[in-house]
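File shown here: data20.cif, holding mmCIF, C-alpha atoms and all ligand atoms.
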```cif
data_input
#
loop_
_atom_site.label_atom_id
_atom_site.label_comp_id
_atom_site.auth_asym_id
_atom_site.auth_seq_id
_atom_site.Cartn_x
_atom_site.Cartn_y
_atom_site.Cartn_z
CA MET A 1 5.09 -1.83 -30.29
CA LYS A 2 7.02 -0.61 -27.25
CA LYS A 3 4.94 -1.22 -24.17
CA VAL A 4 4.79 1.40 -21.43
CA TYR A 5 4.00 0.42 -17.85
CA LEU A 6 2.77 3.31 -15.70
CA ASP A 7 0.68 1.38 -13.20
CA ASN A 8 3.23 0.79 -10.47
CA ALA A 9 0.77 1.40 -7.63
CA ALA A 10 -1.08 -1.72 -8.84
CA THR A 11 2.04 -3.85 -9.02
CA THR A 12 5.68 -3.54 -10.04
CA GLN A 13 8.14 -5.27 -12.32
CA ILE A 14 10.34 -7.70 -10.37
CA ARG A 15 13.98 -6.69 -10.23
CA PRO A 16 16.29 -9.14 -12.08
CA GLU A 17 18.43 -9.53 -8.93
CA VAL A 18 15.30 -10.65 -7.06
CA ILE A 19 14.47 -13.26 -9.68
CA ASN A 20 18.04 -14.62 -9.55
CA GLU A 21 17.86 -14.94 -5.78
CA MET A 22 14.49 -16.69 -5.97
CA VAL A 23 15.63 -19.14 -8.64
CA LYS A 24 18.66 -20.01 -6.52
CA VAL A 25 16.47 -20.80 -3.51
CA MET A 26 13.95 -22.77 -5.59
CA THR A 27 16.77 -24.79 -7.11
CA GLU A 28 18.93 -25.40 -4.08
CA ASP A 29 16.89 -24.84 -0.93
CA TYR A 30 13.66 -26.70 -1.41
CA GLY A 31 13.50 -28.25 2.05
CA ASN A 32 10.43 -27.63 4.20
CA PRO A 33 11.50 -25.18 6.93
CA SER A 34 9.62 -27.29 9.48
CA SER A 35 11.62 -30.44 8.67
CA THR A 36 14.38 -31.28 11.12
CA HIS A 37 16.85 -32.73 8.58
CA SER A 38 19.59 -30.66 6.93
CA PHE A 39 17.38 -29.64 3.97
CA GLY A 40 14.75 -28.30 6.34
CA ARG A 41 17.28 -26.64 8.60
CA SER A 42 18.83 -24.88 5.64
CA SER A 43 15.43 -23.47 4.55
CA LYS A 44 14.65 -22.50 8.12
CA SER A 45 17.88 -20.56 8.47
CA ILE A 46 17.21 -18.73 5.16
CA LEU A 47 13.75 -17.84 6.45
CA GLU A 48 15.04 -16.51 9.76
CA LEU A 49 17.80 -14.56 8.06
CA SER A 50 15.12 -12.95 5.85
CA ARG A 51 13.07 -12.01 8.89
CA LYS A 52 16.13 -10.50 10.57
CA THR A 53 17.01 -8.49 7.47
CA ILE A 54 13.50 -7.11 7.09
CA ALA A 55 13.28 -6.26 10.80
CA LYS A 56 16.64 -4.46 10.67
CA THR A 57 15.55 -2.45 7.63
CA LEU A 58 12.59 -1.06 9.57
CA ASN A 59 14.35 -0.86 12.95
CA ALA A 60 12.00 -3.48 14.40
CA THR A 61 12.81 -6.82 16.03
CA SER A 62 12.60 -10.18 14.22
CA GLN A 63 9.81 -11.42 16.47
CA GLU A 64 7.65 -8.50 15.34
CA ILE A 65 7.68 -9.60 11.67
CA ILE A 66 5.17 -12.29 10.65
CA PHE A 67 5.18 -13.50 7.04
CA THR A 68 1.84 -13.64 5.23
CA SER A 69 0.57 -14.17 1.69
CA GLY A 70 0.32 -10.41 1.23
CA ALA A 71 -1.32 -7.32 2.60
CA THR A 72 -4.96 -8.34 2.19
CA GLU A 73 -4.36 -11.26 4.54
CA ALA A 74 -2.32 -9.16 6.98
CA ASN A 75 -4.96 -6.40 7.10
CA ASN A 76 -7.78 -8.91 7.63
CA TRP A 77 -5.84 -10.69 10.36
CA ILE A 78 -5.03 -7.53 12.31
CA LEU A 79 -8.54 -6.06 12.09
CA LYS A 80 -10.24 -9.30 13.10
CA SER A 81 -7.80 -9.89 15.95
CA ALA A 82 -8.21 -6.37 17.25
CA VAL A 83 -11.92 -7.07 17.69
CA GLU A 84 -11.73 -10.69 18.87
CA ASP A 85 -8.48 -10.76 20.83
CA LEU A 86 -7.79 -7.17 21.88
CA LYS A 87 -11.50 -6.61 22.48
CA VAL A 88 -11.78 -3.22 20.81
CA GLN A 89 -15.36 -2.00 20.71
CA ARG A 90 -14.88 0.44 17.92
CA ILE A 91 -12.87 0.86 14.72
CA ILE A 92 -12.13 4.34 13.43
CA THR A 93 -11.15 4.30 9.77
CA SER A 94 -11.84 6.37 6.63
CA LYS A 95 -13.90 5.96 3.49
CA ILE A 96 -10.77 6.23 1.31
CA GLU A 97 -9.03 3.10 2.62
CA HIS A 98 -8.21 0.18 0.32
CA HIS A 99 -10.96 -2.44 0.10
CA ALA A 100 -8.68 -4.86 1.98
CA VAL A 101 -9.47 -2.69 5.01
CA LEU A 102 -12.89 -1.24 4.16
CA HIS A 103 -14.55 -4.54 3.28
CA ALA A 104 -12.92 -6.36 6.19
CA VAL A 105 -14.24 -3.69 8.57
CA GLN A 106 -17.74 -3.94 7.08
CA VAL A 107 -17.81 -7.71 7.63
CA LEU A 108 -16.58 -7.31 11.22
CA GLU A 109 -19.27 -4.72 11.86
CA SER A 110 -21.94 -7.13 10.59
CA LYS A 111 -20.71 -9.97 12.82
CA HIS A 112 -19.65 -8.30 16.05
CA PRO A 113 -21.24 -5.74 18.37
CA ILE A 114 -18.75 -3.03 17.43
CA ASN A 115 -19.13 0.55 16.19
CA VAL A 116 -17.40 1.83 13.11
CA ASP A 117 -16.70 5.55 12.72
CA TYR A 118 -15.35 7.12 9.57
CA VAL A 119 -13.08 10.10 10.06
CA LYS A 120 -13.89 13.03 7.76
CA ILE A 121 -11.79 13.55 4.65
CA LYS A 122 -10.88 17.05 3.45
CA PRO A 123 -11.32 17.97 -0.24
CA ASN A 124 -7.56 17.57 -0.74
CA GLY A 125 -7.80 13.93 0.38
CA SER A 126 -6.19 14.38 3.80
CA ILE A 127 -7.64 13.23 7.11
CA ASP A 128 -9.47 15.76 9.29
CA ILE A 129 -7.34 15.40 12.41
CA ASN A 130 -9.69 17.53 14.56
CA HIS A 131 -12.48 15.10 13.76
CA LEU A 132 -10.24 12.15 14.65
CA VAL A 133 -9.47 13.73 18.03
CA GLU A 134 -13.15 14.45 18.58
CA LEU A 135 -14.01 10.80 17.91
CA LEU A 136 -11.19 9.51 20.11
CA SER A 137 -12.20 11.69 23.01
CA GLU A 138 -15.32 9.54 23.40
CA ASN A 139 -13.05 7.12 25.22
CA ILE A 140 -14.19 3.75 23.85
CA PRO A 141 -11.63 0.88 23.43
CA THR A 142 -10.65 1.62 19.84
CA LEU A 143 -8.50 0.58 16.91
CA VAL A 144 -7.65 3.38 14.47
CA SER A 145 -6.98 2.05 10.97
CA LEU A 146 -5.70 4.70 8.56
CA MET A 147 -3.51 4.09 5.54
CA HIS A 148 -0.12 5.74 5.14
CA VAL A 149 -0.09 6.50 1.39
CA ASN A 150 -3.39 6.36 -0.45
CA ASN A 151 -3.08 3.96 -3.39
CA GLU A 152 -5.35 5.99 -5.69
CA ILE A 153 -4.43 9.62 -5.03
CA GLY A 154 -1.12 9.35 -3.17
CA THR A 155 -2.06 11.49 -0.16
CA VAL A 156 0.29 10.89 2.78
CA LEU A 157 -0.66 10.49 6.44
CA ASP A 158 1.78 11.66 9.12
CA LEU A 159 2.23 8.33 10.94
CA GLU A 160 4.10 9.87 13.84
CA GLU A 161 1.46 12.52 14.47
CA ILE A 162 -1.47 10.08 14.26
CA GLY A 163 0.43 7.50 16.33
CA LYS A 164 0.99 10.05 19.09
CA ILE A 165 -2.69 11.04 19.10
CA CYS A 166 -3.70 7.36 19.32
CA LYS A 167 -1.30 6.83 22.22
CA GLN A 168 -2.71 9.86 24.02
CA TYR A 169 -6.22 8.36 23.80
CA GLN A 170 -5.01 4.79 24.41
CA ALA A 171 -6.23 3.58 21.04
CA TYR A 172 -4.42 0.91 19.00
CA PHE A 173 -3.07 2.19 15.70
CA HIS A 174 -2.96 0.12 12.49
CA SER A 175 -1.72 1.53 9.20
CA ASP A 176 -1.86 -0.04 5.76
CA THR A 177 1.65 0.84 4.60
CA VAL A 178 1.52 -1.13 1.35
CA GLN A 179 2.28 1.87 -0.86
CA SER A 180 5.08 3.26 1.28
CA ILE A 181 7.17 0.33 2.53
CA GLY A 182 10.22 0.14 0.28
CA LYS A 183 9.69 3.71 -0.90
CA ILE A 184 10.30 5.70 2.28
CA THR A 185 12.40 4.85 5.34
CA PHE A 186 10.75 3.65 8.56
CA ASP A 187 12.12 3.76 12.07
CA LEU A 188 9.67 1.68 14.08
CA GLN A 189 11.38 2.64 17.32
CA GLN A 190 10.28 6.23 16.65
CA ILE A 191 6.87 5.78 15.02
CA PRO A 192 4.25 4.88 17.65
CA VAL A 193 2.30 2.44 15.50
CA ASP A 194 1.06 -0.97 16.67
CA PHE A 195 0.48 -2.71 13.34
CA LEU A 196 1.79 -2.26 9.80
CA VAL A 197 1.43 -4.36 6.66
CA ALA A 198 3.55 -4.78 3.53
CA SER A 199 3.23 -6.49 0.18
CA ALA A 200 6.33 -7.55 -1.81
CA HIS A 201 4.85 -7.01 -5.27
CA LYS A 202 4.54 -3.27 -4.62
CA PHE A 203 8.31 -2.89 -4.22
CA HIS A 204 9.60 -4.97 -7.13
CA GLY A 205 9.30 -8.30 -5.36
CA PRO A 206 7.09 -11.34 -6.07
CA LYS A 207 3.32 -11.55 -5.75
CA GLY A 208 1.88 -13.66 -2.94
CA ALA A 209 4.30 -12.54 -0.23
CA GLY A 210 4.01 -9.90 2.45
CA PHE A 211 4.31 -9.40 6.15
CA ALA A 212 2.63 -7.92 9.18
CA PHE A 213 4.51 -5.91 11.79
CA ILE A 214 2.91 -6.64 15.16
CA ARG A 215 4.35 -4.53 17.98
CA LYS A 216 5.98 -6.66 20.71
CA GLY A 217 3.57 -7.51 23.53
CA LEU A 218 0.37 -7.45 21.46
CA LEU A 219 -1.03 -10.95 21.57
CA LEU A 220 -3.11 -12.01 18.60
CA ASN A 221 -4.61 -15.33 17.59
CA PRO A 222 -4.10 -16.64 14.05
CA LEU A 223 -6.54 -15.97 11.22
CA PHE A 224 -6.69 -19.68 10.43
CA PHE A 225 -5.47 -22.88 12.03
CA GLY A 226 -3.04 -25.67 11.22
CA GLY A 227 0.67 -26.01 11.92
CA GLU A 228 3.02 -24.18 14.19
CA GLN A 229 4.66 -22.04 11.50
CA GLU A 230 5.34 -18.39 12.37
CA LYS A 231 5.07 -19.30 16.07
CA GLY A 232 1.56 -20.58 15.38
CA LEU A 233 0.44 -17.12 14.25
CA ARG A 234 0.31 -17.97 10.55
CA PRO A 235 0.00 -21.70 9.91
CA GLY A 236 0.97 -23.13 6.51
CA THR A 237 4.30 -24.01 4.92
CA GLU A 238 6.23 -20.81 4.39
CA SER A 239 6.76 -19.68 0.79
CA VAL A 240 10.53 -19.55 1.20
CA HIS A 241 11.43 -18.46 -2.34
CA ASN A 242 8.85 -15.64 -2.21
CA ILE A 243 10.04 -14.51 1.20
CA VAL A 244 13.65 -14.48 0.00
CA GLY A 245 12.58 -12.51 -3.09
CA MET A 246 10.68 -10.04 -0.91
CA THR A 247 13.72 -9.58 1.34
CA LYS A 248 16.08 -8.99 -1.58
CA ALA A 249 13.58 -6.53 -3.11
CA LEU A 250 13.29 -4.60 0.15
CA GLU A 251 17.05 -4.49 0.66
CA LEU A 252 17.60 -3.17 -2.86
CA SER A 253 14.78 -0.65 -2.54
CA TYR A 254 16.42 0.88 0.50
CA LEU A 255 19.93 0.65 -0.90
CA LEU A 256 18.88 2.58 -4.03
CA LEU A 257 16.20 4.71 -2.39
CA GLU A 258 17.62 8.22 -2.84
CA GLU A 259 18.72 7.70 -6.44
CA GLU A 260 15.44 6.08 -7.49
CA LYS A 261 13.31 8.54 -5.56
CA ASN A 262 15.02 11.45 -7.33
CA HIS A 263 14.50 9.87 -10.72
CA ILE A 264 10.82 9.14 -10.03
CA SER A 265 10.14 12.59 -8.52
CA ASN A 266 11.66 14.24 -11.60
CA LEU A 267 9.50 12.06 -13.85
CA LYS A 268 6.39 13.07 -11.94
CA LYS A 269 7.30 16.77 -12.32
CA TYR A 270 7.96 16.22 -16.02
CA THR A 271 4.56 14.54 -16.41
CA ILE A 272 2.75 17.40 -14.68
CA ASN A 273 4.56 19.95 -16.89
CA GLN A 274 3.82 18.03 -20.07
CA LEU A 275 0.17 17.59 -19.16
CA ASN A 276 -0.19 21.28 -18.32
CA SER A 277 1.45 22.41 -21.52
CA SER A 278 -0.65 20.03 -23.66
CA PHE A 279 -4.07 20.54 -22.10
CA GLU A 280 -5.85 23.41 -20.45
CA GLY A 281 -7.61 22.74 -17.18
CA ILE A 282 -5.72 19.70 -15.84
CA LYS A 283 -6.42 19.20 -12.12
CA ILE A 284 -4.43 17.06 -9.72
CA ASN A 285 -6.68 14.96 -7.48
CA GLY A 286 -5.50 15.03 -3.87
CA ASN A 287 -3.14 17.46 -2.24
CA GLN A 288 -1.28 18.88 -5.25
CA ASP A 289 1.99 19.71 -3.46
CA GLU A 290 2.19 16.82 -1.11
CA THR A 291 1.07 13.66 -2.88
CA PHE A 292 3.49 10.74 -2.75
CA TYR A 293 6.31 10.89 -5.25
CA ASN A 294 5.33 7.91 -7.38
CA ILE A 295 1.56 8.52 -7.67
CA LEU A 296 -0.15 11.15 -9.81
CA ASN A 297 -3.93 11.17 -10.12
CA VAL A 298 -5.21 13.72 -12.62
CA CYS A 299 -8.64 14.86 -13.63
CA LEU A 300 -8.58 15.43 -17.40
CA PRO A 301 -10.53 18.27 -18.98
CA PHE A 302 -12.40 15.89 -21.29
CA SER A 303 -16.10 15.28 -21.54
CA GLU A 304 -17.78 12.46 -19.66
CA ALA A 305 -18.40 10.70 -22.98
CA LYS A 306 -14.65 10.25 -23.53
CA THR A 307 -14.06 8.51 -20.22
CA SER A 308 -14.36 4.94 -21.40
CA MET A 309 -12.42 5.65 -24.62
CA ILE A 310 -9.32 6.84 -22.84
CA LEU A 311 -8.13 3.67 -21.18
CA PHE A 312 -9.14 1.65 -24.21
CA ASN A 313 -7.09 3.87 -26.53
CA LEU A 314 -4.11 3.86 -24.17
CA ASP A 315 -4.28 0.10 -23.85
CA MET A 316 -4.46 -0.30 -27.64
CA LYS A 317 -1.20 1.64 -27.86
CA GLY A 318 0.42 -0.56 -25.20
CA ILE A 319 0.25 2.02 -22.40
CA ALA A 320 -0.84 0.83 -18.98
CA VAL A 321 -2.23 3.34 -16.52
CA SER A 322 -5.11 2.97 -14.16
CA ARG A 323 -8.47 4.61 -14.13
CA GLY A 324 -9.13 6.84 -11.25
CA SER A 325 -12.30 7.92 -12.87
CA ALA A 326 -15.83 8.17 -11.68
CA CYS A 327 -17.15 5.93 -14.42
CA GLN A 328 -14.77 3.02 -14.68
CA SER A 329 -14.67 1.54 -18.13
CA GLY A 330 -17.25 -1.17 -18.56
CA SER A 331 -18.99 -0.31 -15.32
CA LEU A 332 -20.59 2.70 -13.77
CA LYS A 333 -19.14 2.00 -10.37
CA PRO A 334 -17.36 5.12 -9.15
CA SER A 335 -13.93 5.10 -7.52
CA HIS A 336 -14.82 5.17 -3.83
CA VAL A 337 -11.83 7.41 -3.17
CA LEU A 338 -12.58 10.05 -5.82
CA ALA A 339 -16.25 9.95 -4.88
CA GLU A 340 -15.21 11.21 -1.42
CA ILE A 341 -13.13 14.17 -2.60
CA LEU A 342 -14.30 15.43 -6.00
CA ASN A 343 -17.11 17.86 -6.70
CA GLU A 344 -20.09 16.92 -8.90
CA ASP A 345 -18.52 18.28 -12.09
CA ASP A 346 -15.08 16.76 -11.67
CA ILE A 347 -16.36 13.34 -10.69
CA LYS A 348 -17.99 13.10 -14.14
CA LYS A 349 -14.75 13.87 -15.95
CA PRO A 350 -12.19 11.14 -16.64
CA SER A 351 -9.40 10.83 -14.08
CA LEU A 352 -6.24 8.81 -14.58
CA ARG A 353 -3.84 7.37 -12.03
CA ILE A 354 -0.31 7.41 -13.40
CA SER A 355 2.11 5.62 -11.09
CA PHE A 356 5.84 5.53 -11.71
CA SER A 357 8.86 3.36 -10.97
CA HIS A 358 12.59 3.75 -11.54
CA PHE A 359 12.17 1.67 -14.72
CA ASN A 360 10.19 4.52 -16.37
CA THR A 361 11.72 7.15 -18.65
CA THR A 362 10.64 10.51 -20.11
CA GLU A 363 9.98 8.65 -23.39
CA ASP A 364 7.28 6.69 -21.58
CA ILE A 365 5.62 9.95 -20.56
CA ASP A 366 5.92 11.38 -24.09
CA ALA A 367 4.17 8.28 -25.44
CA LEU A 368 1.36 8.71 -22.92
CA ILE A 369 0.89 12.41 -23.77
CA GLU A 370 0.85 11.67 -27.51
CA VAL A 371 -2.03 9.22 -27.12
CA LEU A 372 -3.95 11.59 -24.85
CA LYS A 373 -3.52 14.38 -27.42
CA GLY A 374 -5.04 12.09 -30.05
CA ILE A 375 -8.18 11.76 -27.93
N1 LIG B 401 -3.58 -2.12 0.56
C1 LIG B 401 -3.21 -1.25 -0.41
C2 LIG B 401 -3.09 0.20 -0.08
C3 LIG B 401 -2.95 -1.71 -1.70
O1 LIG B 401 -2.59 -0.83 -2.65
C4 LIG B 401 -3.06 -3.10 -1.96
C5 LIG B 401 -2.83 -3.61 -3.32
O2 LIG B 401 -3.52 -3.28 -4.27
C6 LIG B 401 -3.44 -3.95 -0.92
C7 LIG B 401 -3.68 -3.43 0.32
C8 LIG B 401 -3.56 -5.44 -1.13
O3 LIG B 401 -2.28 -6.03 -1.15
P1 LIG B 401 -2.07 -7.53 -1.64
O4 LIG B 401 -2.07 -7.49 -3.13
O5 LIG B 401 -0.72 -7.91 -1.09
O6 LIG B 401 -3.14 -8.38 -1.07
#
```
Please rewrite the model in this file as structure tokens.
Amino acid sequence: MKKVYLDNAATTQIRPEVINEMVKVMTEDYGNPSSTHSFGRSSKSILELSRKTIAKTLNATSQEIIFTSGATEANNWILKSAVEDLKVQRIITSKIEHHAVLHAVQVLESKHPINVDYVKIKPNGSIDINHLVELLSENIPTLVSLMHVNNEIGTVLDLEEIGKICKQYQAYFHSDTVQSIGKITFDLQQIPVDFLVASAHKFHGPKGAGFAFIRKGLLLNPLFFGGEQEKGLRPGTESVHNIVGMTKALELSYLLLEEEKNHISNLKKYTINQLNSSFEGIKINGNQDETFYNILNVCLPFSEAKTSMILFNLDMKGIAVSRGSACQSGSLKPSHVLAEILNEDDIKKPSLRISFSHFNTTEDIDALIEVLKGI
């Protein structure tokens, strides 16, 4: 059975070139970067070269890139430090953030005397900017935490616009850029953002590696304590092979960006056409014309009773997509993102998140449609 992977917003296949690079480092450069002998120095220079490469890709400086185990850690670190070190008294975020932000904010709210405000979300999944401005005009020391590309519905935030508004009201701005780094270019000299996070496994790199971008001059304390790695900001022996893999993956993503983006955008259009010609009443969740090019979240015109069957049937046929549905198979817990934007009828219907990569083909989409037709 040919397997079809259409869940690239969850994680991606590692590029072969990335694996080769990682194996080389694991084989030849196993020194601890903190050791002062030649083995250690060699690992250290690989690490610093990686940092420089990543910084250059985003038009940032090396000192602004701190390696972490991934985006959950980076998000937690930034949010906690904003409260404890930068002394913000309020966090403005939204109810459609990833749990790595939402749950971290909830814990901070329970432990610190801070306020949390949730900016309103429009039915198309975009942020209500007027409401954000209204909240910011209250003039409280604030961190705004809003994600760039939503991982469930693919809505896109204008980082430059939000960054400028935050600057105007002297609020810090953090954005979870996990779904966009490696898939869209960033010029961090132009975008007025204070903190960004990235995760290598979302752009065809290894799991367990990511980084935080911390704008120069913002002084944070570490999330946990130990050695002096990452200038004391992230203690623990650096995962050199993962960091090298992440760097190679990011370099390749940007080198091949236009070509791969075109291929993926065409696949998304093809999927929408095929769905529309096979079923009546397909609805795209989120802003139909402006969702990110590799994410498609659709509400299927099937009865509520078929919800749990769909993923099961797809999985049986070797097709991996993700549920974006109200009733997630095996549990009745609704998707917190769809719960914010769908009406009472649509939330009961099954929704699917189909997320693409350059490895996908039109045959993959045909296989998906065939199984859906069978249901
Ligand atoms: N933020 C977003 C938007 C994500 O999609 C994910 C991954 O699912 C994360 C954060 C967590 O990233 P990581 O797997 O690196 O901890």
Quiz item: Can you tell me, as a PyMOL selection string, what residues are no more than 9 Å from stretch 69-79 of chain A when counting only C-alpha atoms, ignoring any on the same chain fewer than 2 positions away?
Solution: chain A and resi 66-67+81-84+91+99-101+104-105+108+143+145+174-178+195-201+207-214+220-223+239
Quiz prompt | Pairwise distance for atom CA of A:Ile264 and atom CA of A:Ile96, rounded to one decimal in Å | solution =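 Pair atom CA of A:Ile264 / atom CA of A:Ile96 returns 24.6 Å.
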Kindly compute an axis-aligned box around the listed atoms of stretch 77-96 of chain A, allowing 6 Å on each side, and express its centre and edge lengths in Å to one decimal as lines of an AutoDock Vina configuration file.
```
center_x = -10.2
center_y = -2.2
center_z = 11.9
size_x = 22.3
size_y = 29.1
size_z = 33.2
```
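Interatomic distance, atom CA of A:Glu138 against atom CA of A:Lys167: 14.3 Å.
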What are the closest atom pairs, with distances in Å to one decimal, for all residues of stretch 211-321 of chain A lying within 12 Å of stretch 45-55 of chain A? Consider all atoms listed in the file, order rows by chain and residue number, and present the result as a tab-separated table.
```
residue	atom	partner	partner_atom	distance
A:Phe211	CA	A:Ile54	CA	9.5
A:Ala212	CA	A:Ala55	CA	10.9
A:Phe213	CA	A:Ala55	CA	8.8
A:Ile214	CA	A:Ala55	CA	11.3
A:Arg215	CA	A:Ala55	CA	11.6
A:Gln229	CA	A:Leu47	CA	11.2
A:Glu230	CA	A:Glu48	CA	10.2
A:Thr237	CA	A:Leu47	CA	11.4
A:Glu238	CA	A:Leu47	CA	8.3
A:Ser239	CA	A:Leu47	CA	9.2
A:Val240	CA	A:Leu47	CA	6.4
A:His241	CA	A:Leu47	CA	9.1
A:Asn242	CA	A:Leu47	CA	10.2
A:Ile243	CA	A:Ser50	CA	7.1
A:Val244	CA	A:Ser50	CA	6.2
A:Gly245	CA	A:Ser50	CA	9.3
A:Met246	CA	A:Ser50	CA	8.6
A:Thr247	CA	A:Ser50	CA	5.8
A:Lys248	CA	A:Ser50	CA	8.5
A:Ala249	CA	A:Ile54	CA	10.2
A:Leu250	CA	A:Ile54	CA	7.4
A:Glu251	CA	A:Ile54	CA	7.8
A:Leu252	CA	A:Ile54	CA	11.5
A:Ser253	CA	A:Ile54	CA	11.7
A:Tyr254	CA	A:Ile54	CA	10.8
```
Practice problem: For atom CA of A:Lys283 and atom CA of A:Leu300, determine how far apart the two atoms are, in Å to one decimal place. | Solution: 6.8 Å
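If you measure from each of A:Pro113, A:Pro206, A:Gly281, A:Gly163 to A:Leu188 using all atoms listed in the file, the closest one turns out to be A:Gly163.
Among A:Leu102, A:Leu352, A:Leu135, A:Val88, the residue with the shortest atom-to-atom distance to ligand LIG 401 (chain B), counting all atoms listed in the file, is A:Leu102.
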Please identify all polymer residues within 12 Å of A:Gln288, counting only C-alpha atoms, omitting same-chain residues fewer than 4 positions from it, and present them as a tab-separated table (two decimals) with C-alpha atoms, in the coordinates of the input.
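Result saved to selection_21.tsv:
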```
chain	number	residue	atom	x	y	z
A	123	PRO	CA	-11.32	17.97	-0.24
A	124	ASN	CA	-7.56	17.57	-0.74
A	125	GLY	CA	-7.80	13.93	0.38
A	126	SER	CA	-6.19	14.38	3.80
A	153	ILE	CA	-4.43	9.62	-5.03
A	154	GLY	CA	-1.12	9.35	-3.17
A	155	THR	CA	-2.06	11.49	-0.16
A	156	VAL	CA	0.29	10.89	2.78
A	268	LYS	CA	6.39	13.07	-11.94
A	269	LYS	CA	7.30	16.77	-12.32
A	272	ILE	CA	2.75	17.40	-14.68
A	282	ILE	CA	-5.72	19.70	-15.84
A	283	LYS	CA	-6.42	19.20	-12.12
A	284	ILE	CA	-4.43	17.06	-9.72
A	292	PHE	CA	3.49	10.74	-2.75
A	293	TYR	CA	6.31	10.89	-5.25
A	295	ILE	CA	1.56	8.52	-7.67
A	296	LEU	CA	-0.15	11.15	-9.81
A	297	ASN	CA	-3.93	11.17	-10.12
A	298	VAL	CA	-5.21	13.72	-12.62
A	299	CYS	CA	-8.64	14.86	-13.63
```
Self-check item: Exercise: A:Lys216 partners within 9 Å, only C-alpha atoms, chain neighbours under 4 positions left out, as a ChimeraX atom specification
Solution: /A:61,63-64,194
Exercise. Could you tell me which of A:Lys373, A:Lys348, A:Lys183, A:Lys24 comes closest to A:Asn262 if we count all atoms listed in the file?
Key: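 Ranking A:Lys373, A:Lys348, A:Lys183, A:Lys24 by distance to A:Asn262, first place goes to A:Lys183.
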Practice problem: Find the residues near A:Ala367: any atom within 9 Å, counting all atoms listed in the file, skip ones fewer than 3 places away on the same chain, and give them as a PyMOL selection string. | Solution: chain A and resi 4+317+319+362-364+370-372
